[in-house]
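Everything below belongs to protein.tsv, which stores TSV, C-alpha atoms.
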chain	number	residue	atom	x	y	z
A	1005	MET	CA	34.88	58.15	410.46
A	1006	THR	CA	31.57	59.85	411.18
A	1007	PRO	CA	31.43	62.40	413.98
A	1008	VAL	CA	29.78	61.33	417.18
A	1009	THR	CA	26.92	63.51	418.30
A	1010	SER	CA	25.45	63.40	421.73
A	1011	THR	CA	21.72	63.00	422.09
A	1012	SER	CA	21.87	62.47	425.82
A	1013	THR	CA	19.73	64.57	428.07
A	1014	SER	CA	21.49	66.84	430.56
A	1015	PRO	CA	21.21	65.74	434.20
A	1016	GLY	CA	19.10	68.80	435.04
A	1017	LEU	CA	16.69	68.17	432.17
A	1018	ALA	CA	16.49	64.48	433.06
A	1019	ARG	CA	15.58	65.44	436.64
A	1020	PHE	CA	12.98	67.93	435.44
A	1021	ASN	CA	11.43	65.32	433.13
A	1022	VAL	CA	10.83	62.90	435.99
A	1023	LEU	CA	9.87	65.35	438.73
A	1024	GLU	CA	6.51	64.62	440.32
A	1025	GLU	CA	3.90	66.78	438.56
A	1026	HIS	CA	3.22	69.10	441.50
A	1027	ALA	CA	6.95	69.72	442.04
A	1028	ALA	CA	7.59	70.32	438.33
A	1029	HIS	CA	4.66	72.74	438.21
A	1030	ALA	CA	6.15	74.67	441.15
A	1031	VAL	CA	9.56	74.82	439.44
A	1032	LEU	CA	7.96	76.20	436.28
A	1033	LEU	CA	5.98	78.81	438.21
A	1034	GLU	CA	9.25	80.03	439.74
A	1035	ALA	CA	10.51	80.59	436.19
A	1036	CYS	CA	7.30	82.27	434.97
A	1037	ALA	CA	4.22	83.15	437.02
A	1038	SER	CA	1.78	82.32	434.19
A	1039	THR	CA	-0.20	79.21	435.14
A	1040	ALA	CA	-1.20	78.69	431.49
A	1041	TRP	CA	2.48	78.68	430.45
A	1042	ALA	CA	3.44	76.31	433.26
A	1043	ARG	CA	0.56	73.89	432.51
A	1044	ARG	CA	1.41	73.73	428.81
A	1045	LEU	CA	5.12	73.13	429.43
A	1046	LEU	CA	4.28	70.50	432.00
A	1047	ALA	CA	1.91	68.73	429.60
A	1048	ALA	CA	4.63	68.49	426.93
A	1049	ARG	CA	7.08	66.55	429.13
A	1050	PRO	CA	9.34	64.69	428.68
A	1051	TYR	CA	11.69	66.85	426.65
A	1052	ALA	CA	14.45	65.17	424.64
A	1053	THR	CA	16.66	68.26	424.71
A	1054	ALA	CA	16.82	71.65	426.36
A	1055	GLU	CA	16.19	73.18	422.92
A	1056	ASP	CA	12.88	71.29	422.76
A	1057	LEU	CA	11.91	72.81	426.12
A	1058	TYR	CA	12.92	76.31	424.98
A	1059	ALA	CA	11.02	75.93	421.69
A	1060	THR	CA	7.91	74.83	423.57
A	1061	SER	CA	8.27	77.79	425.92
A	1062	ASP	CA	8.59	80.18	422.97
A	1063	ALA	CA	5.54	78.68	421.23
A	1064	VAL	CA	3.44	78.92	424.39
A	1065	MET	CA	4.60	82.51	425.01
A	1066	ALA	CA	3.42	83.47	421.53
A	1067	GLU	CA	-0.07	82.21	422.36
A	1068	LEU	CA	-0.56	83.65	425.84
A	1069	THR	CA	-3.64	85.81	426.22
A	1070	PRO	CA	-3.40	89.35	427.62
A	1071	ASP	CA	-4.63	87.96	430.98
A	1072	ASP	CA	-1.93	85.26	430.91
A	1073	LEU	CA	0.71	87.92	430.17
A	1074	ALA	CA	-0.60	90.06	433.04
A	1075	GLU	CA	-0.30	87.06	435.37
A	1076	ALA	CA	3.27	86.43	434.18
A	1077	MET	CA	4.24	90.10	434.63
A	1078	ALA	CA	2.77	90.17	438.13
A	1079	GLY	CA	5.57	87.79	439.14
A	1080	HIS	CA	8.23	90.37	438.29
A	1081	PRO	CA	9.28	93.16	440.64
A	1082	PRO	CA	10.05	96.65	439.33
A	1083	ILE	CA	13.57	97.20	438.01
A	1084	GLY	CA	15.79	98.31	440.87
A	1085	ARG	CA	13.59	96.74	443.54
A	1086	PRO	CA	14.01	92.95	443.47
A	1087	LYS	CA	11.82	91.09	445.95
A	1088	PRO	CA	13.60	90.20	449.20
A	1089	GLY	CA	14.46	86.51	449.15
A	1090	ASP	CA	14.10	86.29	445.34
A	1091	PRO	CA	17.56	85.31	444.10
A	1092	ALA	CA	16.47	85.15	440.43
A	1093	SER	CA	15.33	88.78	440.35
A	1094	ALA	CA	18.35	89.96	442.31
A	1095	ARG	CA	20.71	88.08	439.97
A	1096	GLU	CA	18.94	89.32	436.84
A	1097	GLN	CA	18.86	92.93	438.03
A	1098	ARG	CA	22.50	92.93	439.09
A	1099	GLY	CA	23.09	95.90	436.77
A	1100	MET	CA	21.20	98.09	439.24
A	1101	ALA	CA	23.15	96.87	442.27
A	1102	GLY	CA	25.84	99.54	442.04
A	1103	ALA	CA	23.60	102.27	440.65
A	1104	SER	CA	23.84	105.73	442.13
A	1105	GLU	CA	21.04	107.09	444.28
A	1106	GLU	CA	20.23	109.46	441.42
A	1107	LEU	CA	19.80	106.59	438.98
A	1108	ARG	CA	17.73	104.61	441.49
A	1109	ALA	CA	15.45	107.60	442.05
A	1110	GLU	CA	15.12	108.15	438.31
A	1111	MET	CA	14.25	104.47	437.75
A	1112	LEU	CA	11.61	104.64	440.49
A	1113	GLU	CA	10.05	107.68	438.82
A	1114	LEU	CA	10.20	106.06	435.37
A	1115	ASN	CA	8.80	102.76	436.69
A	1116	LEU	CA	5.84	104.61	438.20
A	1117	ALA	CA	5.21	106.59	435.01
A	1118	TYR	CA	5.43	103.40	432.93
A	1119	GLN	CA	3.08	101.55	435.26
A	1120	GLU	CA	0.63	104.45	435.14
A	1121	ARG	CA	0.68	104.40	431.34
A	1122	PHE	CA	0.51	100.64	430.75
A	1123	GLY	CA	-0.97	99.22	433.96
A	1124	HIS	CA	1.93	96.87	434.70
A	1125	VAL	CA	5.59	96.90	435.68
A	1126	PHE	CA	8.25	97.74	433.14
A	1127	LEU	CA	9.54	94.37	432.01
A	1128	ILE	CA	12.91	93.90	430.38
A	1129	CYS	CA	15.37	91.04	430.24
A	1130	ALA	CA	17.77	92.76	432.63
A	1131	THR	CA	20.46	90.07	432.58
A	1132	GLY	CA	23.73	91.64	431.47
A	1133	ARG	CA	22.31	95.18	431.25
A	1134	THR	CA	23.59	98.15	433.21
A	1135	GLY	CA	21.32	100.40	435.19
A	1136	GLU	CA	21.80	103.10	432.55
A	1137	GLN	CA	20.78	100.71	429.75
A	1138	MET	CA	17.61	99.77	431.62
A	1139	ARG	CA	16.83	103.45	432.25
A	1140	ASP	CA	17.34	104.25	428.58
A	1141	ALA	CA	15.08	101.35	427.57
A	1142	VAL	CA	12.18	102.48	429.76
A	1143	LYS	CA	12.58	106.04	428.45
A	1144	GLU	CA	12.47	104.73	424.89
A	1145	ARG	CA	9.55	102.36	425.42
A	1146	ILE	CA	7.26	104.58	427.50
A	1147	GLY	CA	6.10	106.32	424.31
A	1148	ASN	CA	5.07	103.08	422.58
A	1149	PRO	CA	1.45	102.39	421.74
A	1150	PRO	CA	0.03	99.80	424.18
A	1151	GLU	CA	-0.24	97.07	421.49
A	1152	ARG	CA	3.42	97.49	420.51
A	1153	GLU	CA	4.52	97.52	424.13
A	1154	ARG	CA	2.57	94.32	424.87
A	1155	GLU	CA	4.48	92.53	422.09
A	1156	ILE	CA	7.83	93.86	423.36
A	1157	VAL	CA	6.90	92.65	426.86
A	1158	ARG	CA	6.01	89.23	425.40
A	1159	THR	CA	9.45	89.06	423.73
A	1160	GLU	CA	11.29	90.20	426.86
A	1161	LEU	CA	9.37	87.72	429.00
A	1162	GLY	CA	10.32	84.95	426.57
A	1163	LYS	CA	14.01	85.86	426.96
A	1164	ILE	CA	13.70	85.82	430.76
A	1165	ASN	CA	11.94	82.45	430.64
A	1166	ARG	CA	14.72	80.94	428.50
A	1167	ILE	CA	17.38	82.15	430.96
A	1168	ARG	CA	15.46	80.76	433.92
A	1169	LEU	CA	14.73	77.45	432.16
A	1170	ALA	CA	18.42	77.13	431.29
A	1171	ARG	CA	19.28	77.41	434.98
A	1172	ILE	CA	16.90	74.50	435.66
A	1173	VAL	CA	18.04	72.17	432.90
A	1174	GLU	CA	21.75	72.91	433.00
A	1175	GLU	CA	22.17	72.00	436.65
A	1176	ASP	CA	24.36	68.97	437.24
Could you write out this file's structure as structure tokens?
Amino acid sequence: MTPVTSTSTSPGLARFNVLEEHAAHAVLLEACASTAWARRLLAARPYATAEDLYATSDAVMAELTPDDLAEAMAGHPPIGRPKPGDPASAREQRGMAGASEELRAEMLELNLAYQERFGHVFLICATGRTGEQMRDAVKERIGNPPEREREIVRTELGKINRIRLARIVEED
């Protein structure tokens, strides 16, 4: 007997595939603030599987211009200061929720130094990381050359996008 494999689309992905264009565009912009990224993902609908959506997201991320990356990063608050009313950032930065005042103050100082050096917020896929791990990452990355840091940011943004897309397509 041959194994049965499922090729059915998840309910969340099926809903996303048939969303009216304006609504789907808004959903994508909530995941990533880059309009170029959102337009390209929208244009590739429908997706047969979530993996197809993630692969398209990764391919588009690899091609974003520096201006597109800047637009995407502008949608992310500094670590330790999620935007009020932004459940995604609050959920993703949960590792800072119980941080001491000392750690919060240190992260604020490091965020400002990073922003001064690179001209944008420190971006890291914070999901599952502790406040100390995020602090250590900014300390490590602040010495990077700008070109290297831009590629790290691109990678981190891709990870965040996958997590946020998964929340969209895995909904029942």
Next on the checklist: What's around Thr1039 in chain A at 10 Å? Count only C-alpha atoms, leave out sequence neighbours fewer than 4 positions away in its own chain, and write the answer as a list in words.
Outcome noted: His1029, Ala1030, Leu1032, Leu1033, Arg1043, Arg1044, Leu1045, Asp1072, Glu1075 and Ala1076 of chain A
Dump as a compact mmCIF listing (two decimals), keeping the file's coordinate frame, selection limited to C-alpha atoms:
# COMPACT_ATOMS: atom_id res chain seq x y z
CA HIS A 1029 4.66 72.74 438.21
CA ALA A 1030 6.15 74.67 441.15
CA LEU A 1032 7.96 76.20 436.28
CA LEU A 1033 5.98 78.81 438.21
CA ARG A 1043 0.56 73.89 432.51
CA ARG A 1044 1.41 73.73 428.81
CA LEU A 1045 5.12 73.13 429.43
CA ASP A 1072 -1.93 85.26 430.91
CA GLU A 1075 -0.30 87.06 435.37
CA ALA A 1076 3.27 86.43 434.18
Select from range 1025-1084 of chain A every residue with an atom at most 12 Å from any atom of range 1109-1120 of chain A, then for each give the shortest pair of atoms and their distance in Å to one decimal, using only C-alpha atoms, rows by chain and rising number, as a tab-separated table.
residue	atom	partner	partner_atom	distance
A:Met1077	CA	A:Gln1119	CA	11.5
A:Ala1078	CA	A:Gln1119	CA	11.7
A:Pro1081	CA	A:Asn1115	CA	10.4
A:Pro1082	CA	A:Asn1115	CA	6.8
A:Ile1083	CA	A:Met1111	CA	7.3
A:Gly1084	CA	A:Met1111	CA	7.1
Filtering to C-alpha atoms, could you give me those residues as a PDB file, keeping the file's coordinate frame?
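Writing the result to out_18.pdb gives the following:
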ATOM      1  CA  MET A1077       4.240  90.100 434.630  1.00  0.00           C
ATOM      2  CA  ALA A1078       2.770  90.170 438.130  1.00  0.00           C
ATOM      3  CA  PRO A1081       9.280  93.160 440.640  1.00  0.00           C
ATOM      4  CA  PRO A1082      10.050  96.650 439.330  1.00  0.00           C
ATOM      5  CA  ILE A1083      13.570  97.200 438.010  1.00  0.00           C
ATOM      6  CA  GLY A1084      15.790  98.310 440.870  1.00  0.00           C
TER       7      GLY A1084
END
Checklist entry - Quick one: residues within 12 Å of Ala1059 in chain A, only C-alpha atoms counted, chain neighbours fewer than 5 positions away excluded, as a ChimeraX atom specification? => result /A:1045,1048,1051-1054,1064-1066,1162-1163,1165-1166,1169
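Nearest to Leu1068 in chain A of all the residues A:Met1100, A:Ala1042, A:Ser1014, A:Leu1107 is A:Ala1042, counting all atoms listed in the file.
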Checklist entry - In Å, with one decimal, what is the gap from CA of Arg1121 in chain A to CA of Ala1035 in chain A? => result 26.2 Å
Next on the checklist: I'd like the neighbourhood of Phe1122 in chain A as a list in words, where a residue qualifies if any of its atoms comes within 9 Å (using all atoms listed in the file), though same-chain residues fewer than 5 positions away should be ignored.
Outcome noted: Ala1117, Ile1146, Pro1150, Glu1153 and Arg1154 of chain A
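Summary of the local environment: counting all atoms listed in the file, residues at most 8 Å from Asn1021 in chain A, other than itself and those fewer than 2 positions away along its chain, are Leu1017, Ala1018, Arg1019, Leu1023, Arg1049, Pro1050 and Tyr1051 of chain A.
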